[in-house]
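**Student:** Below is the file data31.cif, which contains mmCIF, C-alpha atoms and all ligand atoms.
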```
data_start
#
loop_
_atom_site.label_atom_id
_atom_site.label_comp_id
_atom_site.auth_asym_id
_atom_site.auth_seq_id
_atom_site.Cartn_x
_atom_site.Cartn_y
_atom_site.Cartn_z
CA PHE E 125 -68.10 44.38 -101.23
CA ALA E 126 -67.22 41.24 -103.15
CA VAL E 127 -69.10 38.86 -105.39
CA ILE E 128 -68.31 35.18 -105.59
CA HIS E 129 -69.71 33.01 -108.32
CA CYS E 130 -69.25 29.33 -107.74
CA GLY E 131 -70.22 26.16 -109.50
CA VAL E 132 -70.08 22.50 -108.50
CA ASP E 133 -67.47 20.72 -110.66
CA ARG E 134 -68.42 17.17 -109.89
CA PHE E 135 -69.58 15.04 -107.07
CA SER E 136 -69.06 11.44 -106.21
CA VAL E 137 -71.20 9.15 -104.15
CA ILE E 138 -69.25 6.39 -102.50
CA ASN E 139 -71.87 3.88 -101.48
CA HIS E 140 -74.67 4.53 -103.92
CA SER E 141 -75.25 4.55 -107.66
CA LEU E 142 -75.53 8.10 -109.00
CA GLY E 143 -79.01 9.52 -109.24
CA ASN E 144 -80.64 12.91 -109.73
CA ARG E 145 -82.07 12.99 -106.26
CA ILE E 146 -78.72 12.73 -104.57
CA GLY E 147 -77.55 15.56 -106.87
CA ASP E 148 -80.40 17.75 -105.61
CA LEU E 149 -79.61 16.86 -102.02
CA LEU E 150 -76.00 17.84 -102.58
CA LEU E 151 -77.00 21.22 -104.00
CA ILE E 152 -79.19 21.92 -100.98
CA GLU E 153 -76.29 20.92 -98.75
CA VAL E 154 -73.90 23.20 -100.65
CA ALA E 155 -76.36 26.08 -100.20
CA ASN E 156 -76.47 25.35 -96.45
CA LEU E 157 -72.69 25.18 -96.24
CA LEU E 158 -72.47 28.50 -98.08
CA ARG E 159 -74.84 30.12 -95.60
CA ARG E 160 -72.86 28.75 -92.68
CA ALA E 161 -69.54 29.86 -94.18
CA THR E 162 -70.77 33.46 -94.54
CA ARG E 163 -72.23 36.04 -92.17
CA PRO E 164 -75.99 36.58 -91.76
CA THR E 165 -75.70 39.94 -93.55
CA ASP E 166 -74.14 38.33 -96.63
CA MET E 167 -76.39 37.17 -99.43
CA VAL E 168 -76.34 33.67 -100.86
CA ALA E 169 -78.43 32.82 -103.91
CA ARG E 170 -78.81 29.77 -106.05
CA LEU E 171 -78.36 30.99 -109.63
CA GLY E 172 -79.86 27.96 -111.25
CA GLY E 173 -78.33 24.66 -112.17
CA ASP E 174 -75.41 23.92 -109.90
CA GLU E 175 -74.25 27.51 -109.58
CA PHE E 176 -74.40 29.96 -106.70
CA GLY E 177 -73.79 33.66 -106.21
CA ILE E 178 -72.60 35.20 -102.96
CA LEU E 179 -72.50 38.88 -102.06
CA LEU E 180 -70.14 39.72 -99.22
CA GLU E 181 -70.53 43.11 -97.53
CA ASP E 182 -67.78 45.25 -96.00
CA ILE E 183 -64.86 43.74 -97.83
CA ARG E 184 -61.60 45.56 -98.38
CA ASP E 185 -59.54 42.95 -100.21
CA ALA E 186 -59.63 39.42 -101.49
CA THR E 187 -58.70 37.73 -98.20
CA SER E 188 -62.16 37.14 -96.83
CA PRO E 189 -63.79 35.86 -100.03
CA VAL E 190 -60.84 33.54 -100.52
CA ARG E 191 -61.24 32.31 -96.92
CA VAL E 192 -64.92 31.62 -97.50
CA ILE E 193 -64.05 29.63 -100.60
CA GLN E 194 -61.35 27.67 -98.81
CA ARG E 195 -63.64 26.83 -95.88
CA LEU E 196 -66.20 25.48 -98.31
CA GLN E 197 -63.73 23.56 -100.36
CA GLU E 198 -62.37 21.86 -97.25
CA LYS E 199 -65.84 20.73 -96.27
CA LEU E 200 -66.60 19.36 -99.72
CA VAL E 201 -63.46 17.55 -100.82
CA LEU E 202 -63.44 15.13 -97.91
CA PRO E 203 -66.15 12.49 -97.96
CA PHE E 204 -69.07 13.60 -95.81
CA GLN E 205 -72.38 12.12 -94.83
CA LEU E 206 -75.43 13.21 -96.80
CA HIS E 207 -78.50 11.38 -95.49
CA GLU E 208 -77.52 7.74 -95.80
CA HIS E 209 -74.90 8.43 -98.50
CA GLU E 210 -71.26 9.25 -98.30
CA VAL E 211 -70.33 11.89 -100.87
CA PHE E 212 -67.58 14.30 -101.79
CA SER E 213 -67.43 17.09 -104.29
CA SER E 214 -65.51 20.14 -105.46
CA LEU E 215 -66.27 23.72 -106.42
CA SER E 216 -64.83 26.24 -108.86
CA SER E 217 -65.16 29.88 -107.89
CA GLY E 218 -64.65 33.28 -109.45
CA VAL E 219 -64.31 36.45 -107.39
CA THR E 220 -64.79 40.13 -108.20
CA LEU E 221 -64.12 42.98 -105.78
CA SER E 222 -66.05 46.21 -106.03
CA GLY E 223 -64.15 49.26 -107.18
CA GLU E 224 -64.99 52.41 -109.08
CA GLN E 225 -65.45 50.47 -112.32
CA TYR E 226 -68.52 48.76 -110.91
CA GLU E 227 -71.83 50.51 -110.63
CA GLU E 228 -74.07 47.50 -110.83
CA ALA E 229 -73.95 44.20 -109.03
CA ASP E 230 -75.05 42.22 -112.09
CA VAL E 231 -71.93 43.36 -113.96
CA MET E 232 -69.86 42.10 -111.05
CA LEU E 233 -71.69 38.82 -111.16
CA ARG E 234 -71.04 38.51 -114.89
CA ASP E 235 -67.32 39.08 -114.37
CA ALA E 236 -67.24 36.68 -111.43
CA ASN E 237 -68.89 34.14 -113.69
CA MET E 238 -66.17 34.64 -116.28
CA ALA E 239 -63.52 34.12 -113.60
CA MET E 240 -65.31 30.95 -112.48
CA ARG E 241 -65.24 29.57 -116.05
CA ARG E 242 -61.52 30.21 -116.01
CA ALA E 243 -61.21 28.29 -112.73
CA LYS E 244 -63.11 25.39 -114.28
CA ALA E 245 -60.90 25.48 -117.35
CA GLN E 246 -57.89 25.17 -115.04
CA GLY E 247 -59.17 21.81 -113.92
CA GLY E 248 -61.67 22.73 -111.23
CA GLY E 249 -61.44 22.76 -107.45
CA GLY E 250 -59.91 26.23 -107.30
CA TYR E 251 -60.70 29.92 -107.58
CA VAL E 252 -59.74 32.76 -109.90
CA LEU E 253 -59.80 36.48 -109.10
CA PHE E 254 -61.21 38.55 -111.92
CA ASP E 255 -58.89 41.10 -113.50
CA ARG E 256 -59.10 43.68 -116.30
CA GLY E 257 -57.11 41.50 -118.68
CA MET E 258 -59.86 38.92 -118.63
CA HIS E 259 -62.39 41.56 -119.49
CA GLU E 260 -60.40 42.73 -122.47
CA GLU E 261 -59.94 39.17 -123.62
CA ALA E 262 -63.68 38.58 -123.47
CA LEU E 263 -64.30 41.72 -125.50
CA ARG E 264 -61.76 40.64 -128.07
CA ARG E 265 -63.47 37.27 -128.34
CA LEU E 266 -66.80 38.97 -128.95
CA ASP E 267 -65.29 41.16 -131.67
CA LEU E 268 -63.58 38.19 -133.23
CA GLU E 269 -66.81 36.26 -133.26
CA LEU E 270 -68.61 39.07 -135.10
CA ASP E 271 -65.81 39.23 -137.68
CA LEU E 272 -65.80 35.45 -138.00
CA ARG E 273 -69.43 35.49 -139.04
CA ARG E 274 -68.57 37.66 -142.03
CA ALA E 275 -65.22 36.10 -142.89
CA LEU E 276 -66.62 33.43 -145.18
CA GLU E 277 -68.58 35.75 -147.44
CA LYS E 278 -65.64 38.16 -147.52
CA HIS E 279 -63.32 35.37 -148.69
CA GLN E 280 -60.92 35.80 -145.80
CA PHE E 281 -60.18 32.10 -145.34
CA GLU E 282 -57.32 30.42 -147.11
CA ALA E 283 -56.27 26.79 -147.24
CA TYR E 284 -52.64 26.08 -146.38
CA TYR E 285 -51.03 22.74 -147.07
CA GLN E 286 -48.49 20.80 -145.02
CA PRO E 287 -46.63 17.88 -146.61
CA ILE E 288 -46.94 14.36 -145.26
CA VAL E 289 -43.91 12.25 -146.13
CA ARG E 290 -42.88 8.62 -146.07
CA VAL E 291 -40.30 8.24 -143.31
CA ALA E 292 -38.21 5.59 -145.09
CA ASP E 293 -37.18 7.83 -147.99
CA GLY E 294 -38.75 11.24 -147.39
CA ARG E 295 -41.06 10.90 -150.38
CA LEU E 296 -44.02 13.31 -150.49
CA MET E 297 -47.24 11.33 -150.08
CA GLY E 298 -49.78 14.11 -149.74
CA PHE E 299 -50.82 17.16 -147.77
CA GLU E 300 -52.91 18.08 -144.77
CA ALA E 301 -55.14 21.07 -145.53
CA LEU E 302 -55.12 23.61 -142.69
CA VAL E 303 -57.34 26.66 -142.61
CA ARG E 304 -55.94 30.18 -142.17
CA TRP E 305 -57.87 33.36 -141.53
CA ASN E 306 -56.61 36.53 -143.18
CA HIS E 307 -58.11 39.11 -140.86
CA PRO E 308 -58.17 42.59 -142.49
CA GLU E 309 -56.73 44.31 -139.39
CA GLN E 310 -55.13 41.57 -137.33
CA GLY E 311 -53.38 39.69 -140.11
CA LEU E 312 -53.14 35.91 -140.14
CA ILE E 313 -55.07 34.40 -137.22
CA SER E 314 -54.26 30.88 -136.10
CA PRO E 315 -56.98 28.23 -136.27
CA ALA E 316 -56.11 27.33 -132.68
CA GLU E 317 -57.75 30.66 -131.82
CA PHE E 318 -60.83 30.71 -134.03
CA ILE E 319 -61.70 27.03 -134.56
CA PRO E 320 -62.80 26.57 -130.93
CA LEU E 321 -64.92 29.72 -131.29
CA ALA E 322 -66.41 28.41 -134.54
CA GLU E 323 -67.11 25.09 -132.82
CA GLU E 324 -69.05 26.89 -130.11
CA ASN E 325 -71.24 28.95 -132.39
CA GLY E 326 -71.67 26.37 -135.15
CA LEU E 327 -69.83 28.33 -137.86
CA ILE E 328 -67.42 25.41 -138.11
CA VAL E 329 -69.97 23.59 -140.24
CA HIS E 330 -69.77 26.32 -142.89
CA ILE E 331 -66.01 26.81 -142.64
CA GLY E 332 -65.49 23.05 -142.82
CA ARG E 333 -67.73 22.74 -145.84
CA TRP E 334 -65.72 25.43 -147.58
CA MET E 335 -62.38 23.78 -146.64
CA LEU E 336 -63.48 20.39 -147.92
CA ARG E 337 -64.47 21.80 -151.28
CA GLU E 338 -61.34 23.94 -151.52
CA ALA E 339 -58.99 21.06 -150.68
CA CYS E 340 -60.69 18.63 -153.08
CA THR E 341 -60.65 21.19 -155.91
CA GLN E 342 -56.98 21.90 -155.28
CA MET E 343 -55.95 18.25 -155.19
CA ARG E 344 -57.87 17.55 -158.38
CA ALA E 345 -56.09 20.46 -160.08
CA TRP E 346 -52.70 19.11 -158.93
CA GLN E 347 -53.54 15.68 -160.25
CA ARG E 348 -54.28 17.19 -163.64
CA ALA E 349 -51.13 19.30 -163.57
CA PHE E 350 -48.86 16.48 -162.38
CA PRO E 351 -49.99 13.25 -164.04
CA ARG E 352 -46.78 11.58 -162.86
CA ARG E 353 -47.86 11.97 -159.22
CA PRO E 354 -51.30 10.33 -159.33
CA ALA E 355 -51.18 8.90 -155.81
CA LEU E 356 -51.03 12.17 -153.82
CA THR E 357 -53.75 12.54 -151.20
CA VAL E 358 -55.24 15.45 -149.29
CA SER E 359 -56.30 15.27 -145.63
CA VAL E 360 -59.09 17.45 -144.33
CA ASN E 361 -59.92 17.98 -140.64
CA LEU E 362 -63.46 17.26 -139.60
CA SER E 363 -64.69 18.63 -136.28
CA ALA E 364 -67.13 16.84 -133.98
CA ARG E 365 -69.89 19.16 -134.95
CA GLN E 366 -69.35 18.49 -138.64
CA LEU E 367 -69.15 14.77 -138.14
CA LEU E 368 -72.45 14.67 -136.30
CA HIS E 369 -74.18 17.01 -138.74
CA PRO E 370 -77.02 15.13 -140.47
CA ASP E 371 -75.93 16.24 -143.96
CA ILE E 372 -72.30 15.23 -143.68
CA LEU E 373 -72.50 12.13 -145.86
CA PRO E 374 -74.43 13.56 -148.84
CA GLU E 375 -72.24 16.62 -148.60
CA ILE E 376 -68.99 14.66 -148.91
CA ARG E 377 -70.42 12.64 -151.78
CA ARG E 378 -71.57 15.77 -153.57
CA THR E 379 -68.21 17.51 -153.07
CA LEU E 380 -66.32 14.55 -154.51
CA ARG E 381 -68.66 14.32 -157.46
CA GLU E 382 -68.58 18.02 -158.22
CA THR E 383 -64.83 18.45 -157.87
CA GLY E 384 -64.05 15.21 -159.69
CA LEU E 385 -61.67 13.96 -156.97
CA SER E 386 -61.90 10.25 -156.37
CA ALA E 387 -62.61 9.19 -152.81
CA ARG E 388 -59.38 7.26 -152.37
CA HIS E 389 -57.44 10.52 -152.65
CA LEU E 390 -59.30 12.09 -149.77
CA LYS E 391 -58.52 11.50 -146.11
CA LEU E 392 -60.64 12.76 -143.26
CA GLU E 393 -59.00 13.51 -139.94
CA ILE E 394 -61.24 13.08 -136.94
CA THR E 395 -60.06 13.65 -133.40
CA GLU E 396 -60.51 11.07 -130.72
CA SER E 397 -62.47 13.51 -128.60
CA ALA E 398 -64.89 14.13 -131.48
CA MET E 399 -65.44 10.38 -131.61
CA MET E 400 -66.09 10.15 -127.91
CA GLU E 401 -68.93 12.68 -127.92
CA ASP E 402 -71.19 9.98 -129.16
CA ALA E 403 -69.02 6.94 -129.75
CA GLU E 404 -71.66 4.50 -130.96
CA ARG E 405 -73.09 6.95 -133.44
CA ALA E 406 -69.64 8.00 -134.59
CA ILE E 407 -68.62 4.40 -135.25
CA GLU E 408 -71.76 3.88 -137.30
CA LEU E 409 -71.09 7.05 -139.27
CA LEU E 410 -67.48 6.14 -139.91
CA GLU E 411 -68.58 2.78 -141.23
CA VAL E 412 -70.92 4.45 -143.69
CA LEU E 413 -68.22 6.96 -144.63
CA LYS E 414 -65.77 4.12 -145.26
CA ARG E 415 -68.10 2.71 -147.88
CA THR E 416 -67.40 5.71 -150.09
CA ARG E 417 -63.78 4.39 -150.05
CA LEU E 418 -62.17 7.47 -148.59
CA GLN E 419 -59.60 7.06 -145.81
CA LEU E 420 -60.14 7.84 -142.16
CA MET E 421 -57.48 9.05 -139.74
CA LEU E 422 -57.76 9.27 -135.98
CA ASP E 423 -56.23 12.67 -135.15
CA ASP E 424 -54.48 13.88 -131.98
CA PHE E 425 -54.15 10.29 -130.88
CA GLY E 426 -53.14 9.86 -127.26
CA THR E 427 -54.48 13.16 -125.95
CA GLY E 428 -58.10 12.34 -125.19
CA TYR E 429 -59.62 9.46 -123.36
CA SER E 430 -57.67 7.15 -125.58
CA SER E 431 -59.11 3.84 -124.93
CA LEU E 432 -56.98 1.30 -126.67
CA SER E 433 -59.72 -1.20 -126.05
CA TYR E 434 -62.15 0.21 -128.56
CA LEU E 435 -59.56 0.94 -131.23
CA HIS E 436 -60.13 -2.32 -133.04
CA ARG E 437 -63.78 -1.39 -133.46
CA LEU E 438 -63.04 1.83 -135.28
CA PRO E 439 -63.07 1.54 -139.06
CA ILE E 440 -60.03 3.79 -139.40
CA ASP E 441 -57.05 3.47 -141.71
CA ALA E 442 -54.46 5.30 -139.67
CA LEU E 443 -53.61 6.88 -136.34
CA LYS E 444 -52.02 10.28 -136.10
CA VAL E 445 -49.86 10.34 -133.00
CA ASP E 446 -50.18 13.72 -131.34
CA ARG E 447 -47.33 16.22 -131.51
CA SER E 448 -47.01 16.32 -127.73
CA PHE E 449 -45.55 12.79 -127.72
CA VAL E 450 -43.34 13.24 -130.76
CA MET E 451 -41.96 16.49 -129.38
CA HIS E 452 -40.25 14.81 -126.42
CA MET E 453 -39.68 11.31 -127.70
CA HIS E 454 -35.95 11.83 -128.18
CA GLU E 455 -35.52 12.92 -124.56
CA ARG E 456 -38.32 11.22 -122.60
CA ILE E 457 -38.40 7.47 -122.49
CA GLU E 458 -42.12 7.37 -121.60
CA ASP E 459 -43.07 9.27 -124.74
CA ARG E 460 -40.87 7.06 -126.81
CA SER E 461 -42.48 3.93 -125.36
CA PHE E 462 -45.91 5.39 -125.97
CA VAL E 463 -45.14 5.83 -129.66
CA GLU E 464 -43.63 2.35 -129.74
CA THR E 465 -46.74 0.82 -128.17
CA ILE E 466 -48.96 2.60 -130.66
CA VAL E 467 -46.89 1.42 -133.59
CA ASN E 468 -47.02 -2.19 -132.39
CA LEU E 469 -50.72 -2.00 -131.77
CA ALA E 470 -51.40 -0.37 -135.12
CA GLN E 471 -49.41 -3.06 -136.88
CA LYS E 472 -51.42 -5.78 -135.18
CA LEU E 473 -54.65 -4.08 -136.17
CA GLY E 474 -53.46 -3.42 -139.71
CA ARG E 475 -53.57 0.37 -139.37
CA SER E 476 -50.79 2.72 -140.37
CA VAL E 477 -49.23 5.43 -138.23
CA VAL E 478 -48.49 9.07 -138.96
CA CYS E 479 -46.45 11.08 -136.48
CA GLU E 480 -47.12 14.80 -136.44
CA GLY E 481 -44.91 17.61 -135.22
CA VAL E 482 -41.56 16.14 -136.29
CA GLU E 483 -39.07 18.96 -135.96
CA LEU E 484 -35.69 17.34 -135.37
CA PRO E 485 -33.56 14.81 -137.23
CA GLU E 486 -33.21 12.88 -133.93
CA GLN E 487 -36.96 12.43 -133.83
CA GLU E 488 -37.02 11.27 -137.42
CA ALA E 489 -34.25 8.75 -136.73
CA LEU E 490 -36.31 7.30 -133.88
CA LEU E 491 -39.40 7.05 -136.05
CA ARG E 492 -37.40 5.16 -138.62
CA GLU E 493 -36.13 2.81 -135.93
CA LEU E 494 -39.65 2.19 -134.63
CA GLY E 495 -40.96 1.55 -138.12
CA VAL E 496 -43.35 4.52 -138.28
CA GLU E 497 -44.43 4.85 -141.90
CA PHE E 498 -45.44 8.48 -142.28
CA ALA E 499 -44.49 11.80 -140.73
CA GLN E 500 -45.39 15.44 -140.85
CA GLY E 501 -43.71 18.43 -139.27
CA TYR E 502 -41.53 21.50 -139.57
CA LEU E 503 -38.53 19.26 -140.32
CA TYR E 504 -40.06 18.68 -143.76
CA SER E 505 -42.07 21.86 -144.17
CA ARG E 506 -44.38 24.22 -142.38
CA PRO E 507 -47.91 24.55 -143.73
CA VAL E 508 -47.58 26.64 -146.91
CA THR E 509 -49.82 28.29 -149.50
CA ALA E 510 -51.12 26.26 -152.45
CA ALA E 511 -48.60 27.95 -154.76
CA GLN E 512 -45.70 27.03 -152.46
CA ALA E 513 -47.04 23.50 -152.03
CA GLU E 514 -46.99 23.12 -155.79
CA MET E 515 -43.25 23.79 -155.80
CA LEU E 516 -42.83 20.90 -153.38
CA ILE E 517 -44.66 18.56 -155.76
CA ILE E 518 -42.42 19.59 -158.64
CA GLU E 519 -39.19 18.90 -156.69
P1 LIG E 601 -54.04 19.55 -136.11
O1 LIG E 601 -55.09 18.92 -136.93
O2 LIG E 601 -53.38 18.73 -135.08
O3 LIG E 601 -52.98 20.12 -137.14
C1 LIG E 601 -51.61 20.10 -136.92
C2 LIG E 601 -51.14 21.40 -136.34
O4 LIG E 601 -49.79 21.26 -135.94
C3 LIG E 601 -51.18 22.54 -137.35
O5 LIG E 601 -51.46 23.71 -136.62
C4 LIG E 601 -49.74 22.57 -137.84
O6 LIG E 601 -49.35 23.82 -138.35
C5 LIG E 601 -49.01 22.25 -136.58
N1 LIG E 601 -47.71 21.64 -136.84
C6 LIG E 601 -47.38 20.82 -137.84
N2 LIG E 601 -46.11 20.43 -137.75
C7 LIG E 601 -45.59 21.04 -136.66
C8 LIG E 601 -44.30 21.03 -136.03
O7 LIG E 601 -43.35 20.38 -136.45
N3 LIG E 601 -44.17 21.76 -134.89
C9 LIG E 601 -45.19 22.49 -134.38
N4 LIG E 601 -44.96 23.20 -133.28
N5 LIG E 601 -46.42 22.52 -134.95
C10 LIG E 601 -46.62 21.79 -136.08
P2 LIG E 601 -52.51 24.77 -137.14
O8 LIG E 601 -52.46 24.86 -138.63
O9 LIG E 601 -52.29 26.00 -136.33
O10 LIG E 601 -53.88 24.13 -136.76
C11 LIG E 601 -54.24 23.95 -135.42
C12 LIG E 601 -55.46 23.08 -135.31
O11 LIG E 601 -56.61 23.74 -135.81
C13 LIG E 601 -55.36 21.78 -136.10
O12 LIG E 601 -54.61 20.86 -135.37
C14 LIG E 601 -56.81 21.42 -136.22
O13 LIG E 601 -57.27 20.80 -135.05
C15 LIG E 601 -57.48 22.76 -136.33
N6 LIG E 601 -57.75 23.03 -137.74
C16 LIG E 601 -56.97 23.58 -138.69
N7 LIG E 601 -57.63 23.65 -139.86
C17 LIG E 601 -58.85 23.11 -139.66
C18 LIG E 601 -60.00 22.89 -140.50
O14 LIG E 601 -60.02 23.18 -141.70
N8 LIG E 601 -61.08 22.31 -139.91
C19 LIG E 601 -61.10 21.95 -138.60
N9 LIG E 601 -62.19 21.36 -138.10
N10 LIG E 601 -60.04 22.13 -137.80
C20 LIG E 601 -58.93 22.70 -138.32
CA CA E 602 -55.21 17.21 -138.21
CA CA E 603 -53.23 16.58 -134.72
#
```
Could you render the structure from this file as structure tokens?
Ligand code: C2E
Ligand code: CA
Ligand code: CA

**Tutor:**
Amino acid sequence: FAVIHCGVDRFSVINHSLGNRIGDLLLIEVANLLRRATRPTDMVARLGGDEFGILLEDIRDATSPVRVIQRLQEKLVLPFQLHEHEVFSSLSSGVTLSGEQYEEADVMLRDANMAMRRAKAQGGGGYVLFDRGMHEEALRRLDLELDLRRALEKHQFEAYYQPIVRVADGRLMGFEALVRWNHPEQGLISPAEFIPLAEENGLIVHIGRWMLREACTQMRAWQRAFPRRPALTVSVNLSARQLLHPDILPEIRRTLRETGLSARHLKLEITESAMMEDAERAIELLEVLKRTRLQLMLDDFGTGYSSLSYLHRLPIDALKVDRSFVMHMHERIEDRSFVETIVNLAQKLGRSVVCEGVELPEQEALLRELGVEFAQGYLYSRPVTAAQAEMLIIE
């Protein structure tokens, strides 16, 4: 047999303002459609929320579950009549087929659920067949999460530093602090892998707290060691969860006080998507943060729901244009115009611009032409250890 786990991605009502009741009606309708798309011997169950489980009997391969899913999808994507409303919707589905590895249906349902999450992550409206690889990946994530919980007390994190330079003359202006995890067995693990995990389980608050202190301590030590470079700054990434944490403000103040770094040498990088989680509250917070005189950067600019219309309301000092635009700007006119638009806008608003991910001299030449002030990328240096970063200050 086969198990399908499906979830409603979204639904739209054409001639009505959205309300809970219409959502309930849609779910009842989806359940009816599911029953009609399957045979009487198959089992359809609402699993809670907007998710359903289906058990199909007498199945040899994936063809019939996939057909069921396609029949449903066809019915949902086109606008249809639901009472007096016209609605359309889409589903994501995950499928598992029984084999010798399955003894219990709930394990199949769990795996189908995992496959459905994958389908959702791919943008929704489709299906994913579960395979062993996904299972192993899930196990690895669980292991990693356990290790992550202990990593802080075992001192396995390390701050790396990547130079930020002035485009006009290549002068070193400061560093972005980037966390690295020295895993005892797996070696250096990229933050791209464990930061999302830490975001999910809340550990990011502790890791971030540690990074902030580490970066401020380091910058203060460099200022003492290199009195001729008093203007260097350090940028620290702040995740959404950290930003919205009630203690964030006293914590930053305390860290500055205890490390002796003055606020104007600290920059906080906040992503656009972190801002959007609760925009009004974030704006308020940023305004309070600004009063401590530190600098605020809008990170990964251009990747989220960048709404240029609210930009002027944000009390930020600079925009960091995301690597994905910089990467292709020398070969794709659209990306180049995007950067150009941002630079013009930033100038009008009195904000500066940093371009990240600069790898090629051609890209740098374009930045110079467009009047971008600051850049960061492998062209200048990869993120390096504190000891290596120090050599870059001496140069
Ligand atoms: P990010 O804030 O956008 O950081 C820039 C990333 O781009 C870094 O990846 C950096 O190594 C990489 N990068 C810089 N220049 C180049 C280049 O020229 N080419 C390419 N291909 N890549 C370049 P990294 O260090 O792996 O960090 C990934 C992300 O993890 C960061 O993206 C940031 O979102 C997050 N992250 C890292 N450290 C922290 C942290 O301490 N706290 C929080 N909340 N997030 C962090
Ligand atoms: Ca950043
Ligand atoms: Ca970025």

**Student:** Find the smallest box with edges along x, y and z containing every listed atom of ligand LIG 601 (chain E), then add 4 Å on each side and report centre and edge lengths in Å to one decimal, as lines of an AutoDock Vina configuration file.

**Tutor:**
```
center_x = -52.8
center_y = 22.4
center_z = -137.5
size_x = 26.8
size_y = 15.3
size_z = 16.4
```

**Student:** Taking only C-alpha atoms and all ligand atoms into account, report as a PyMOL selection string which residues have an atom no farther than 9 Å from an atom of ligand LIG 601 (chain E).

**Tutor:** chain E and resi 283-286+300-304+313-320+322-323+328-329+331-336+360-366+393-395+423-424+444+446-447+451+480-484+500-507

**Student:** Name the residues in contact with Val168 (chain E) at a cut-off of 12 Å, using all atoms listed in the file, excluding same-chain residues fewer than 2 positions from it; report them as a list in words.

**Tutor:** Val127, Ile128, His129, Cys130, Val154, Ala155, Asn156, Leu157, Leu158, Arg159, Arg160, Ala161, Thr162, Arg163, Pro164, Thr165, Asp166, Arg170, Leu171, Glu175, Phe176, Gly177, Ile178, Leu179, Leu180 and Glu181 of chain E

**Student:** Measuring between all atoms listed in the file, which one of E:Leu385, E:Leu435, E:Leu494, E:Val211 shows the shortest distance to Met400 (chain E)?

**Tutor:**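 With all atoms listed in the file as the atom set, the closest residue is E:Leu435.
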
**Student:** Quick one: of E:Ile183, E:His330, E:Gly131, E:Val190, who's nearest to Met240 (chain E), counting all atoms listed in the file?

**Tutor:**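 Comparing E:Ile183, E:His330, E:Gly131, E:Val190 against Met240 (chain E), the winner is E:Gly131.
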
**Student:** Starting from the incomplete input, reconstruct N, CA and C atoms of region 448-461 of chain E and write that as a compact mmCIF listing (two decimals), in the frame of the given file.

**Tutor:**
```
# COMPACT_ATOMS: atom_id res chain seq x y z
N SER E 448 -47.56 16.23 -129.08
CA SER E 448 -47.01 16.32 -127.73
C SER E 448 -46.14 15.11 -127.36
N PHE E 449 -46.38 13.97 -127.99
CA PHE E 449 -45.55 12.79 -127.72
C PHE E 449 -44.28 12.81 -128.56
N VAL E 450 -44.47 13.24 -129.82
CA VAL E 450 -43.34 13.24 -130.76
C VAL E 450 -42.29 14.25 -130.31
N MET E 451 -42.80 15.38 -129.80
CA MET E 451 -41.96 16.49 -129.38
C MET E 451 -40.85 16.07 -128.41
N HIS E 452 -41.21 15.17 -127.47
CA HIS E 452 -40.25 14.81 -126.42
C HIS E 452 -39.69 13.41 -126.56
N MET E 453 -40.03 12.73 -127.66
CA MET E 453 -39.68 11.31 -127.70
C MET E 453 -38.18 11.05 -127.71
N HIS E 454 -37.40 12.04 -128.16
CA HIS E 454 -35.95 11.83 -128.18
C HIS E 454 -35.32 12.08 -126.82
N GLU E 455 -36.11 12.64 -125.88
CA GLU E 455 -35.52 12.92 -124.56
C GLU E 455 -36.31 12.34 -123.40
N ARG E 456 -37.51 11.80 -123.68
CA ARG E 456 -38.32 11.22 -122.60
C ARG E 456 -38.70 9.80 -122.97
N ILE E 457 -38.21 8.87 -122.17
CA ILE E 457 -38.40 7.47 -122.49
C ILE E 457 -39.88 7.09 -122.51
N GLU E 458 -40.69 7.73 -121.65
CA GLU E 458 -42.12 7.37 -121.60
C GLU E 458 -42.80 7.70 -122.93
N ASP E 459 -42.44 8.86 -123.49
CA ASP E 459 -43.07 9.27 -124.74
C ASP E 459 -42.64 8.35 -125.88
N ARG E 460 -41.37 7.97 -125.80
CA ARG E 460 -40.87 7.06 -126.81
C ARG E 460 -41.59 5.71 -126.72
N SER E 461 -41.79 5.22 -125.50
CA SER E 461 -42.48 3.93 -125.36
C SER E 461 -43.93 4.04 -125.79
```
